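Visitor: Pasting entry_1.txt below, which is compact mmCIF, N, CA and C atoms.
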```txt
# COMPACT_ATOMS: atom_id res chain seq x y z
N MET A 147 -75.19 67.93 14.28
CA MET A 147 -74.32 67.03 13.57
C MET A 147 -73.62 66.14 14.61
N PRO A 148 -73.93 64.86 14.65
CA PRO A 148 -73.31 63.98 15.64
C PRO A 148 -71.80 63.86 15.42
N ALA A 149 -71.06 63.98 16.51
CA ALA A 149 -69.61 63.82 16.46
C ALA A 149 -69.24 62.55 17.21
N ILE A 150 -68.31 61.80 16.63
CA ILE A 150 -67.81 60.61 17.31
C ILE A 150 -66.29 60.71 17.38
N SER A 151 -65.72 60.02 18.34
CA SER A 151 -64.28 59.95 18.48
C SER A 151 -63.95 58.66 19.21
N PHE A 152 -62.90 57.99 18.75
CA PHE A 152 -62.43 56.82 19.47
C PHE A 152 -60.95 56.64 19.19
N GLU A 153 -60.32 55.84 20.03
CA GLU A 153 -58.90 55.53 19.89
C GLU A 153 -58.71 54.03 19.86
N ARG A 154 -57.66 53.62 19.17
CA ARG A 154 -57.27 52.23 19.12
C ARG A 154 -55.75 52.16 19.24
N THR A 155 -55.25 51.09 19.84
CA THR A 155 -53.83 50.79 19.84
C THR A 155 -53.64 49.56 18.99
N ALA A 156 -52.67 49.63 18.08
CA ALA A 156 -52.43 48.51 17.16
C ALA A 156 -50.98 48.05 17.29
N PRO A 157 -50.76 46.75 17.26
CA PRO A 157 -49.39 46.22 17.34
C PRO A 157 -48.68 46.32 15.98
N LEU A 158 -48.76 47.49 15.38
CA LEU A 158 -48.19 47.74 14.06
C LEU A 158 -47.36 49.01 14.11
N PRO A 159 -46.31 49.08 13.31
CA PRO A 159 -45.62 50.37 13.20
C PRO A 159 -46.56 51.40 12.58
N PRO A 160 -46.36 52.68 12.88
CA PRO A 160 -47.27 53.71 12.37
C PRO A 160 -47.45 53.68 10.85
N GLU A 161 -46.38 53.43 10.11
CA GLU A 161 -46.48 53.42 8.65
C GLU A 161 -47.43 52.32 8.16
N GLU A 162 -47.41 51.16 8.82
CA GLU A 162 -48.29 50.06 8.41
C GLU A 162 -49.73 50.34 8.83
N ALA A 163 -49.93 50.87 10.03
CA ALA A 163 -51.29 51.23 10.46
C ALA A 163 -51.87 52.27 9.49
N TRP A 164 -51.05 53.25 9.12
CA TRP A 164 -51.47 54.29 8.16
C TRP A 164 -51.87 53.67 6.83
N ARG A 165 -51.01 52.79 6.32
CA ARG A 165 -51.28 52.15 5.03
C ARG A 165 -52.62 51.42 5.05
N ARG A 166 -52.86 50.69 6.12
CA ARG A 166 -54.11 49.93 6.21
C ARG A 166 -55.33 50.83 6.33
N LEU A 167 -55.23 51.89 7.12
CA LEU A 167 -56.37 52.77 7.36
C LEU A 167 -56.68 53.68 6.17
N THR A 168 -55.71 53.90 5.30
CA THR A 168 -55.93 54.80 4.17
C THR A 168 -55.98 54.04 2.84
N ASP A 169 -56.12 52.75 2.90
CA ASP A 169 -56.35 51.95 1.69
C ASP A 169 -57.87 51.93 1.50
N TRP A 170 -58.37 52.95 0.79
CA TRP A 170 -59.81 53.20 0.73
C TRP A 170 -60.63 51.99 0.27
N PRO A 171 -60.25 51.27 -0.79
CA PRO A 171 -61.06 50.12 -1.20
C PRO A 171 -61.20 49.06 -0.11
N ARG A 172 -60.20 48.91 0.76
CA ARG A 172 -60.28 47.92 1.84
C ARG A 172 -61.37 48.25 2.85
N HIS A 173 -61.79 49.50 2.94
CA HIS A 173 -62.86 49.86 3.87
C HIS A 173 -64.15 49.11 3.52
N ALA A 174 -64.33 48.81 2.25
CA ALA A 174 -65.54 48.07 1.83
C ALA A 174 -65.58 46.68 2.44
N ASP A 175 -64.41 46.09 2.71
CA ASP A 175 -64.36 44.77 3.36
C ASP A 175 -64.87 44.83 4.79
N ALA A 176 -64.82 46.02 5.38
CA ALA A 176 -65.17 46.17 6.78
C ALA A 176 -66.57 46.73 7.01
N VAL A 177 -67.19 47.26 5.95
CA VAL A 177 -68.51 47.88 6.08
C VAL A 177 -69.50 47.10 5.22
N PRO A 178 -70.48 46.46 5.84
CA PRO A 178 -71.43 45.64 5.08
C PRO A 178 -72.14 46.43 3.98
N LEU A 179 -72.41 45.75 2.88
CA LEU A 179 -73.17 46.30 1.75
C LEU A 179 -72.55 47.58 1.19
N THR A 180 -71.22 47.66 1.20
CA THR A 180 -70.54 48.86 0.73
C THR A 180 -69.49 48.49 -0.30
N ARG A 181 -69.41 49.31 -1.31
CA ARG A 181 -68.29 49.21 -2.27
C ARG A 181 -67.71 50.61 -2.42
N ILE A 182 -66.43 50.65 -2.72
CA ILE A 182 -65.73 51.93 -2.79
C ILE A 182 -65.03 52.05 -4.13
N GLU A 183 -65.21 53.21 -4.74
CA GLU A 183 -64.55 53.51 -6.00
C GLU A 183 -63.70 54.77 -5.81
N VAL A 184 -62.41 54.63 -6.10
CA VAL A 184 -61.52 55.79 -6.06
C VAL A 184 -61.65 56.49 -7.40
N LEU A 185 -61.93 57.80 -7.36
CA LEU A 185 -62.24 58.56 -8.56
C LEU A 185 -61.03 59.26 -9.18
N THR A 186 -59.92 59.28 -8.47
CA THR A 186 -58.72 59.96 -8.95
C THR A 186 -57.57 58.96 -9.03
N PRO A 187 -56.58 59.23 -9.88
CA PRO A 187 -55.47 58.28 -10.00
C PRO A 187 -54.59 58.25 -8.74
N PRO A 188 -53.96 57.08 -8.49
CA PRO A 188 -53.07 56.99 -7.33
C PRO A 188 -51.80 57.80 -7.58
N PRO A 189 -51.06 58.04 -6.53
CA PRO A 189 -51.27 57.65 -5.14
C PRO A 189 -52.22 58.62 -4.44
N THR A 190 -52.69 58.22 -3.25
CA THR A 190 -53.53 59.11 -2.45
C THR A 190 -52.73 60.34 -2.06
N ARG A 191 -53.39 61.49 -2.10
CA ARG A 191 -52.78 62.78 -1.76
C ARG A 191 -53.93 63.76 -1.53
N GLU A 192 -53.60 64.99 -1.17
CA GLU A 192 -54.64 66.01 -1.09
C GLU A 192 -55.30 66.12 -2.47
N GLY A 193 -56.62 66.14 -2.46
CA GLY A 193 -57.37 66.19 -3.70
C GLY A 193 -57.89 64.84 -4.16
N THR A 194 -57.39 63.74 -3.57
CA THR A 194 -57.92 62.42 -3.92
C THR A 194 -59.40 62.38 -3.55
N ARG A 195 -60.21 61.84 -4.46
CA ARG A 195 -61.66 61.71 -4.23
C ARG A 195 -62.06 60.26 -4.40
N PHE A 196 -63.00 59.84 -3.56
CA PHE A 196 -63.56 58.50 -3.68
C PHE A 196 -64.98 58.51 -3.18
N VAL A 197 -65.72 57.48 -3.55
CA VAL A 197 -67.11 57.38 -3.13
C VAL A 197 -67.34 56.00 -2.53
N ALA A 198 -67.98 56.00 -1.36
CA ALA A 198 -68.42 54.77 -0.72
C ALA A 198 -69.93 54.67 -0.96
N ARG A 199 -70.33 53.64 -1.67
CA ARG A 199 -71.75 53.42 -1.97
C ARG A 199 -72.23 52.31 -1.06
N SER A 200 -73.15 52.64 -0.15
CA SER A 200 -73.65 51.69 0.84
C SER A 200 -75.14 51.47 0.64
N GLY A 201 -75.55 50.22 0.70
CA GLY A 201 -76.95 49.88 0.55
C GLY A 201 -77.17 48.99 -0.64
N VAL A 202 -78.43 48.82 -0.98
CA VAL A 202 -78.81 47.95 -2.09
C VAL A 202 -79.78 48.70 -3.00
N GLY A 203 -79.51 48.65 -4.28
CA GLY A 203 -80.41 49.23 -5.28
C GLY A 203 -80.77 50.67 -5.00
N PRO A 204 -82.08 50.97 -5.04
CA PRO A 204 -82.51 52.36 -4.86
C PRO A 204 -82.34 52.85 -3.42
N LEU A 205 -82.03 51.95 -2.49
CA LEU A 205 -81.83 52.33 -1.09
C LEU A 205 -80.37 52.63 -0.78
N ALA A 206 -79.51 52.65 -1.79
CA ALA A 206 -78.09 52.91 -1.59
C ALA A 206 -77.83 54.42 -1.49
N LEU A 207 -76.84 54.76 -0.66
CA LEU A 207 -76.42 56.15 -0.50
C LEU A 207 -74.96 56.27 -0.87
N ASP A 208 -74.61 57.38 -1.50
CA ASP A 208 -73.22 57.66 -1.85
C ASP A 208 -72.62 58.61 -0.82
N ASP A 209 -71.47 58.21 -0.29
CA ASP A 209 -70.69 59.05 0.61
C ASP A 209 -69.46 59.48 -0.17
N VAL A 210 -69.52 60.66 -0.78
CA VAL A 210 -68.43 61.18 -1.61
C VAL A 210 -67.45 61.91 -0.70
N MET A 211 -66.17 61.52 -0.77
CA MET A 211 -65.17 62.10 0.12
C MET A 211 -63.98 62.63 -0.67
N GLU A 212 -63.37 63.67 -0.11
CA GLU A 212 -62.16 64.24 -0.70
C GLU A 212 -61.11 64.39 0.40
N VAL A 213 -59.89 63.96 0.11
CA VAL A 213 -58.78 64.13 1.04
C VAL A 213 -58.36 65.59 1.00
N THR A 214 -58.46 66.28 2.15
CA THR A 214 -58.07 67.69 2.20
C THR A 214 -56.78 67.90 2.99
N VAL A 215 -56.39 66.93 3.80
CA VAL A 215 -55.10 66.94 4.48
C VAL A 215 -54.52 65.55 4.33
N TRP A 216 -53.27 65.48 3.88
CA TRP A 216 -52.58 64.20 3.70
C TRP A 216 -51.16 64.35 4.21
N ARG A 217 -50.95 63.88 5.43
CA ARG A 217 -49.65 63.99 6.05
C ARG A 217 -49.31 62.65 6.70
N PRO A 218 -48.69 61.73 5.94
CA PRO A 218 -48.35 60.41 6.50
C PRO A 218 -47.40 60.54 7.70
N PRO A 219 -47.42 59.54 8.60
CA PRO A 219 -46.49 59.58 9.72
C PRO A 219 -45.05 59.50 9.22
N ALA A 220 -44.16 60.19 9.91
CA ALA A 220 -42.75 60.19 9.54
C ALA A 220 -41.92 60.25 10.81
N GLY A 221 -41.17 59.19 11.07
CA GLY A 221 -40.38 59.15 12.30
C GLY A 221 -41.26 59.23 13.52
N GLU A 222 -41.02 60.25 14.34
CA GLU A 222 -41.83 60.45 15.55
C GLU A 222 -43.02 61.36 15.32
N GLU A 223 -43.17 61.88 14.10
CA GLU A 223 -44.29 62.76 13.77
C GLU A 223 -45.53 61.94 13.43
N PRO A 224 -46.67 62.27 14.04
CA PRO A 224 -47.90 61.53 13.72
C PRO A 224 -48.40 61.86 12.31
N GLY A 225 -49.18 60.94 11.78
CA GLY A 225 -49.83 61.17 10.49
C GLY A 225 -51.22 61.73 10.70
N LEU A 226 -51.71 62.49 9.73
CA LEU A 226 -53.07 63.04 9.78
C LEU A 226 -53.65 63.01 8.38
N CYS A 227 -54.84 62.42 8.27
CA CYS A 227 -55.61 62.45 7.04
C CYS A 227 -56.98 63.04 7.39
N ARG A 228 -57.37 64.07 6.66
CA ARG A 228 -58.71 64.66 6.85
C ARG A 228 -59.49 64.47 5.56
N LEU A 229 -60.70 64.00 5.72
CA LEU A 229 -61.62 63.77 4.62
C LEU A 229 -62.81 64.70 4.78
N GLU A 230 -63.18 65.38 3.72
CA GLU A 230 -64.40 66.19 3.70
C GLU A 230 -65.45 65.41 2.92
N LYS A 231 -66.62 65.26 3.52
CA LYS A 231 -67.73 64.55 2.87
C LYS A 231 -68.44 65.55 1.96
N ARG A 232 -68.45 65.26 0.66
CA ARG A 232 -68.92 66.22 -0.33
C ARG A 232 -70.15 65.73 -1.10
N GLY A 233 -70.87 64.80 -0.51
CA GLY A 233 -72.03 64.26 -1.20
C GLY A 233 -73.25 65.16 -1.09
N ARG A 234 -74.31 64.75 -1.78
CA ARG A 234 -75.56 65.51 -1.74
C ARG A 234 -76.39 65.15 -0.51
N VAL A 235 -76.15 63.96 0.06
CA VAL A 235 -76.94 63.52 1.20
C VAL A 235 -76.09 63.39 2.46
N ILE A 236 -74.90 62.81 2.35
CA ILE A 236 -74.03 62.61 3.50
C ILE A 236 -72.98 63.72 3.53
N LEU A 237 -72.95 64.45 4.65
CA LEU A 237 -72.07 65.60 4.81
C LEU A 237 -71.25 65.45 6.09
N GLY A 238 -70.22 66.27 6.22
CA GLY A 238 -69.40 66.27 7.43
C GLY A 238 -67.94 66.08 7.09
N TRP A 239 -67.20 65.48 8.02
CA TRP A 239 -65.77 65.27 7.83
C TRP A 239 -65.32 64.10 8.70
N ALA A 240 -64.12 63.61 8.40
CA ALA A 240 -63.49 62.57 9.22
C ALA A 240 -62.01 62.87 9.28
N GLU A 241 -61.39 62.55 10.42
CA GLU A 241 -59.95 62.67 10.58
C GLU A 241 -59.42 61.37 11.15
N ILE A 242 -58.31 60.93 10.59
CA ILE A 242 -57.62 59.74 11.08
C ILE A 242 -56.20 60.19 11.42
N GLU A 243 -55.83 60.01 12.68
CA GLU A 243 -54.47 60.31 13.13
C GLU A 243 -53.80 59.00 13.51
N VAL A 244 -52.53 58.88 13.16
CA VAL A 244 -51.75 57.70 13.55
C VAL A 244 -50.49 58.21 14.24
N HIS A 245 -50.39 57.87 15.53
CA HIS A 245 -49.27 58.30 16.37
C HIS A 245 -48.35 57.12 16.66
N PRO A 246 -47.04 57.38 16.76
CA PRO A 246 -46.16 56.31 17.23
C PRO A 246 -46.46 56.02 18.69
N GLY A 247 -46.45 54.75 19.03
CA GLY A 247 -46.70 54.35 20.41
C GLY A 247 -45.52 53.58 20.96
N PRO A 248 -45.60 53.20 22.21
CA PRO A 248 -44.49 52.46 22.82
C PRO A 248 -44.31 51.08 22.17
N GLY A 249 -43.09 50.63 22.13
CA GLY A 249 -42.80 49.28 21.64
C GLY A 249 -43.06 49.10 20.16
N GLY A 250 -43.01 50.17 19.38
CA GLY A 250 -43.25 50.04 17.95
C GLY A 250 -44.71 49.94 17.56
N HIS A 251 -45.60 50.11 18.52
CA HIS A 251 -47.03 50.07 18.24
C HIS A 251 -47.51 51.43 17.74
N SER A 252 -48.77 51.48 17.37
CA SER A 252 -49.39 52.72 16.90
C SER A 252 -50.61 53.03 17.75
N ARG A 253 -50.85 54.33 17.93
CA ARG A 253 -52.09 54.79 18.56
C ARG A 253 -52.86 55.53 17.48
N VAL A 254 -54.08 55.08 17.24
CA VAL A 254 -54.94 55.65 16.21
C VAL A 254 -56.05 56.46 16.88
N VAL A 255 -56.27 57.67 16.38
CA VAL A 255 -57.37 58.52 16.84
C VAL A 255 -58.24 58.78 15.61
N TRP A 256 -59.52 58.43 15.73
CA TRP A 256 -60.47 58.61 14.63
C TRP A 256 -61.54 59.56 15.14
N ARG A 257 -61.75 60.65 14.41
CA ARG A 257 -62.81 61.62 14.74
C ARG A 257 -63.67 61.80 13.51
N GLU A 258 -64.96 61.97 13.73
CA GLU A 258 -65.86 62.13 12.59
C GLU A 258 -67.08 62.91 13.01
N GLU A 259 -67.50 63.81 12.13
CA GLU A 259 -68.79 64.49 12.26
C GLU A 259 -69.58 64.12 11.03
N LEU A 260 -70.78 63.68 11.25
CA LEU A 260 -71.60 63.14 10.18
C LEU A 260 -72.98 63.77 10.23
N ARG A 261 -73.46 64.17 9.05
CA ARG A 261 -74.83 64.67 8.95
C ARG A 261 -75.46 64.04 7.72
N VAL A 262 -76.67 63.59 7.87
CA VAL A 262 -77.42 63.04 6.75
C VAL A 262 -78.54 64.04 6.45
N ARG A 263 -78.43 64.64 5.28
CA ARG A 263 -79.42 65.64 4.87
C ARG A 263 -80.81 65.00 4.90
N PHE A 264 -81.77 65.73 5.32
CA PHE A 264 -83.19 65.32 5.40
C PHE A 264 -83.47 64.41 6.60
N LEU A 265 -82.46 64.04 7.39
CA LEU A 265 -82.68 63.22 8.58
C LEU A 265 -82.95 64.17 9.75
N PRO A 266 -84.08 64.03 10.43
CA PRO A 266 -84.39 64.94 11.53
C PRO A 266 -83.35 64.86 12.64
N SER A 267 -83.06 65.98 13.27
CA SER A 267 -82.05 66.02 14.34
C SER A 267 -82.46 65.14 15.52
N ALA A 268 -83.74 64.83 15.66
CA ALA A 268 -84.17 63.94 16.73
C ALA A 268 -83.53 62.55 16.59
N LEU A 269 -83.08 62.22 15.39
CA LEU A 269 -82.44 60.92 15.17
C LEU A 269 -80.92 60.97 15.33
N ASP A 270 -80.37 62.15 15.70
CA ASP A 270 -78.92 62.27 15.89
C ASP A 270 -78.35 61.27 16.89
N PRO A 271 -78.99 61.03 18.04
CA PRO A 271 -78.41 60.05 18.96
C PRO A 271 -78.31 58.64 18.36
N ALA A 272 -79.29 58.23 17.59
CA ALA A 272 -79.23 56.91 16.94
C ALA A 272 -78.15 56.90 15.87
N LEU A 273 -78.02 57.99 15.10
CA LEU A 273 -76.98 58.08 14.08
C LEU A 273 -75.60 58.05 14.72
N LYS A 274 -75.44 58.76 15.83
CA LYS A 274 -74.16 58.78 16.54
C LYS A 274 -73.78 57.39 17.03
N SER A 275 -74.72 56.71 17.64
CA SER A 275 -74.45 55.36 18.16
C SER A 275 -74.11 54.39 17.03
N ALA A 276 -74.88 54.42 15.96
CA ALA A 276 -74.62 53.52 14.83
C ALA A 276 -73.28 53.84 14.18
N SER A 277 -72.96 55.12 14.02
CA SER A 277 -71.70 55.53 13.40
C SER A 277 -70.52 55.10 14.26
N HIS A 278 -70.62 55.31 15.56
CA HIS A 278 -69.53 54.92 16.46
C HIS A 278 -69.27 53.42 16.35
N HIS A 279 -70.32 52.64 16.36
CA HIS A 279 -70.19 51.18 16.25
C HIS A 279 -69.60 50.79 14.88
N LEU A 280 -70.14 51.34 13.82
CA LEU A 280 -69.72 50.98 12.46
C LEU A 280 -68.27 51.36 12.19
N PHE A 281 -67.89 52.61 12.50
CA PHE A 281 -66.53 53.06 12.20
C PHE A 281 -65.51 52.42 13.14
N GLY A 282 -65.90 52.19 14.39
CA GLY A 282 -65.00 51.49 15.31
C GLY A 282 -64.73 50.07 14.85
N ARG A 283 -65.78 49.41 14.41
CA ARG A 283 -65.63 48.05 13.89
C ARG A 283 -64.77 48.03 12.63
N ALA A 284 -64.96 49.02 11.76
CA ALA A 284 -64.17 49.11 10.53
C ALA A 284 -62.69 49.32 10.87
N ALA A 285 -62.39 50.22 11.81
CA ALA A 285 -60.99 50.46 12.21
C ALA A 285 -60.39 49.18 12.76
N ASP A 286 -61.12 48.47 13.62
CA ASP A 286 -60.62 47.21 14.18
C ASP A 286 -60.29 46.23 13.06
N HIS A 287 -61.18 46.10 12.11
CA HIS A 287 -61.01 45.17 10.99
C HIS A 287 -59.77 45.54 10.16
N LEU A 288 -59.65 46.81 9.85
CA LEU A 288 -58.52 47.25 9.00
C LEU A 288 -57.18 47.08 9.70
N LEU A 289 -57.15 47.30 11.00
CA LEU A 289 -55.89 47.18 11.75
C LEU A 289 -55.54 45.72 12.03
N ARG A 290 -56.52 44.84 11.97
CA ARG A 290 -56.30 43.43 12.29
C ARG A 290 -55.81 42.65 11.09
N ARG A 291 -56.25 43.00 9.90
CA ARG A 291 -55.94 42.22 8.70
C ARG A 291 -54.75 42.79 7.95
N GLY A 292 -54.03 41.92 7.26
CA GLY A 292 -52.85 42.30 6.49
C GLY A 292 -53.10 42.75 5.14
```
Written as structure tokens, how would this file's structure read?
Guide:
Amino acid sequence: MPAISFERTAPLPPEEAWRRLTDWPRHADAVPLTRIEVLTPPPTREGTRFVARSGVGPLALDDVMEVTVWRPPAGEEPGLCRLEKRGRVILGWAEIEVHPGPGGHSRVVWREELRVRFLPSALDPALKSASHHLFGRAADHLLRRG
């Protein structure tokens, strides 16, 4: 199961970085050919479920996720959101941490383990590279836009 991890510094207070990174429908703006449907009523909390459908027609895959940890940043305490991937094809987990940084900025730590059922492990390095690029680009996009 390929694991990725990266960090970003954003010129945003932690609460705003958190809001942007956990606005699930906005992730579709950052990931090509993807739309996101939240399956549970707001607000986001433990138990919130959503699905990211990526691709076109019969080549689309559903990434069904459930929030299993929901701890927004508060004061000097970092925020942590953990998502469990509960789909039939895409499995694994993701964690988004938002830490207070110097000067009112935020430090974001994104970790993810991803497995695609039926994909041979020989393709793990390509999946890891593509995931790192895709999720890093998505984080950049979400932290940059209002």
Visitor: Just asking: which residues within range 202-282 of chain A are helix (DSSP H, G or I) according to DSSP, as a compact mmCIF listing (two decimals) with N, CA and C atoms, keeping the file's coordinate frame?
Guide:
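Writing the result to result-v9.txt gives the following:
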```txt
# COMPACT_ATOMS: atom_id res chain seq x y z
N GLY A 203 -79.51 48.65 -4.28
CA GLY A 203 -80.41 49.23 -5.28
C GLY A 203 -80.77 50.67 -5.00
N PRO A 204 -82.08 50.97 -5.04
CA PRO A 204 -82.51 52.36 -4.86
C PRO A 204 -82.34 52.85 -3.42
N LEU A 205 -82.03 51.95 -2.49
CA LEU A 205 -81.83 52.33 -1.09
C LEU A 205 -80.37 52.63 -0.78
N PRO A 248 -45.60 53.20 22.21
CA PRO A 248 -44.49 52.46 22.82
C PRO A 248 -44.31 51.08 22.17
N GLY A 249 -43.09 50.63 22.13
CA GLY A 249 -42.80 49.28 21.64
C GLY A 249 -43.06 49.10 20.16
N GLY A 250 -43.01 50.17 19.38
CA GLY A 250 -43.25 50.04 17.95
C GLY A 250 -44.71 49.94 17.56
N SER A 267 -83.06 65.98 13.27
CA SER A 267 -82.05 66.02 14.34
C SER A 267 -82.46 65.14 15.52
N ALA A 268 -83.74 64.83 15.66
CA ALA A 268 -84.17 63.94 16.73
C ALA A 268 -83.53 62.55 16.59
N LEU A 269 -83.08 62.22 15.39
CA LEU A 269 -82.44 60.92 15.17
C LEU A 269 -80.92 60.97 15.33
N ASP A 270 -80.37 62.15 15.70
CA ASP A 270 -78.92 62.27 15.89
C ASP A 270 -78.35 61.27 16.89
N PRO A 271 -78.99 61.03 18.04
CA PRO A 271 -78.41 60.05 18.96
C PRO A 271 -78.31 58.64 18.36
N ALA A 272 -79.29 58.23 17.59
CA ALA A 272 -79.23 56.91 16.94
C ALA A 272 -78.15 56.90 15.87
N LEU A 273 -78.02 57.99 15.10
CA LEU A 273 -76.98 58.08 14.08
C LEU A 273 -75.60 58.05 14.72
N LYS A 274 -75.44 58.76 15.83
CA LYS A 274 -74.16 58.78 16.54
C LYS A 274 -73.78 57.39 17.03
N SER A 275 -74.72 56.71 17.64
CA SER A 275 -74.45 55.36 18.16
C SER A 275 -74.11 54.39 17.03
N ALA A 276 -74.88 54.42 15.96
CA ALA A 276 -74.62 53.52 14.83
C ALA A 276 -73.28 53.84 14.18
N SER A 277 -72.96 55.12 14.02
CA SER A 277 -71.70 55.53 13.40
C SER A 277 -70.52 55.10 14.26
N HIS A 278 -70.62 55.31 15.56
CA HIS A 278 -69.53 54.92 16.46
C HIS A 278 -69.27 53.42 16.35
N HIS A 279 -70.32 52.64 16.36
CA HIS A 279 -70.19 51.18 16.25
C HIS A 279 -69.60 50.79 14.88
N LEU A 280 -70.14 51.34 13.82
CA LEU A 280 -69.72 50.98 12.46
C LEU A 280 -68.27 51.36 12.19
N PHE A 281 -67.89 52.61 12.50
CA PHE A 281 -66.53 53.06 12.20
C PHE A 281 -65.51 52.42 13.14
N GLY A 282 -65.90 52.19 14.39
CA GLY A 282 -65.00 51.49 15.31
C GLY A 282 -64.73 50.07 14.85
```
Visitor: Could you build a table of the residues in range 183-226 of chain A lying no more than 8 Å from range 151-160 of chain A, giving for each the nearest pair of atoms and their separation in Å rounded to one decimal place, using all atoms listed in the file, ordered by chain and ascending residue number, as a tab-separated table?
Guide:
```
residue	atom	partner	partner_atom	distance
A:Pro218	C	A:Pro160	C	7.5
A:Pro219	CA	A:Pro160	C	6.1
A:Ala220	N	A:Pro160	C	7.4
A:Pro224	CA	A:Pro160	CA	8.0
A:Gly225	N	A:Pro160	CA	7.5
```
Visitor: List every residue of range 151-257 of chain A that has an atom at most 6 Å from any atom of range 264-288 of chain A, and for each one report the closest atom pair and its distance in Å to one decimal, counting only N, CA and C atoms, with rows sorted by chain and then by increasing residue number, as a tab-separated table.
Guide:
```
residue	atom	partner	partner_atom	distance
A:Arg166	C	A:Leu288	C	5.4
A:Leu167	N	A:Leu288	C	5.8
A:Ala176	CA	A:Ala284	CA	4.9
A:Val177	N	A:Ala284	CA	5.8
```
Visitor: Put a box with edges along x, y and z around all the listed atoms of range 271-283 of chain A, pad it by 3 Å on each side, then give me its centre and sizes in Å, one decimal, as lines of an AutoDock Vina configuration file.
Guide:
```
center_x = -72.0
center_y = 54.5
center_z = 15.6
size_x = 20.6
size_y = 19.0
size_z = 12.8
```
Visitor: A:Gly201, A:Leu260, A:Cys227, A:Arg217: which is nearest Arg181 in chain A, counting only N, CA and C atoms?
Guide: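 Under the stated criterion, the closest residue is A:Gly201.
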Visitor: Please return, as a ChimeraX atom specification, all residues of range 163-284 of chain A that DSSP assigns to strand (DSSP E) on the basis of the backbone.
Guide: /A:180-184,195-200,207-217,225-232,236-246,252-262
Visitor: Which residues come within 9 Å of Trp216 in chain A, counting only C-alpha atoms, excluding same-chain residues fewer than 5 positions away, as a list in words?
Guide: Thr190, Arg191, Glu192, Gly225, Leu226, Cys227 and Arg228 of chain A
Visitor: Go ahead and compute the interatomic distance for atom C of Arg263 in chain A and atom C of Gly233 in chain A, in Å to one decimal.
Guide: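 According to the coordinates, atom C of Arg263 in chain A and atom C of Gly233 in chain A are separated by 9.6 Å.
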Visitor: Using only C-alpha atoms, find the one residue out of A:Ala163, A:Val244, A:Ala206, A:Val215 that sits nearest to Pro178 in chain A.
Guide: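 Smallest distance to Pro178 in chain A is found for A:Ala206.
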Visitor: Pick the closest to His245 in chain A from A:Leu207, A:Arg290, A:Val202, A:Glu223: which is it, counting only C-alpha atoms?
Guide: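 Of A:Leu207, A:Arg290, A:Val202, A:Glu223, the one nearest His245 in chain A, counting only C-alpha atoms, is A:Glu223.
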Visitor: Interatomic distance between CA of Trp256 in chain A and CA of Arg234 in chain A?
Guide: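 Computed distance, CA of Trp256 in chain A to CA of Arg234 in chain A, equals 23.3 Å.
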Visitor: What does the structure give for the distance between CA of Asp175 in chain A and CA of Val197 in chain A, in Å to one decimal?
Guide: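 Rounded to one decimal, the two atoms are 14.4 Å apart.
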Visitor: Around the point (-61.0, 62.5, 11.9) in the file's coordinates, collect all residues with an atom within 6 Å, using only C-alpha atoms, and return them as a list of chain:residue names.
Guide: A:Arg228, A:Ala240, A:Glu241, A:Ile242, A:Trp256, A:Arg257, A:Glu258
Visitor: Taking only C-alpha atoms into account, which of A:Val184, A:Ala149, A:Leu289, A:Leu205 comes nearest Ser252 in chain A?
Guide: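 Checking each candidate against Ser252 in chain A, we get A:Leu289 as the closest.
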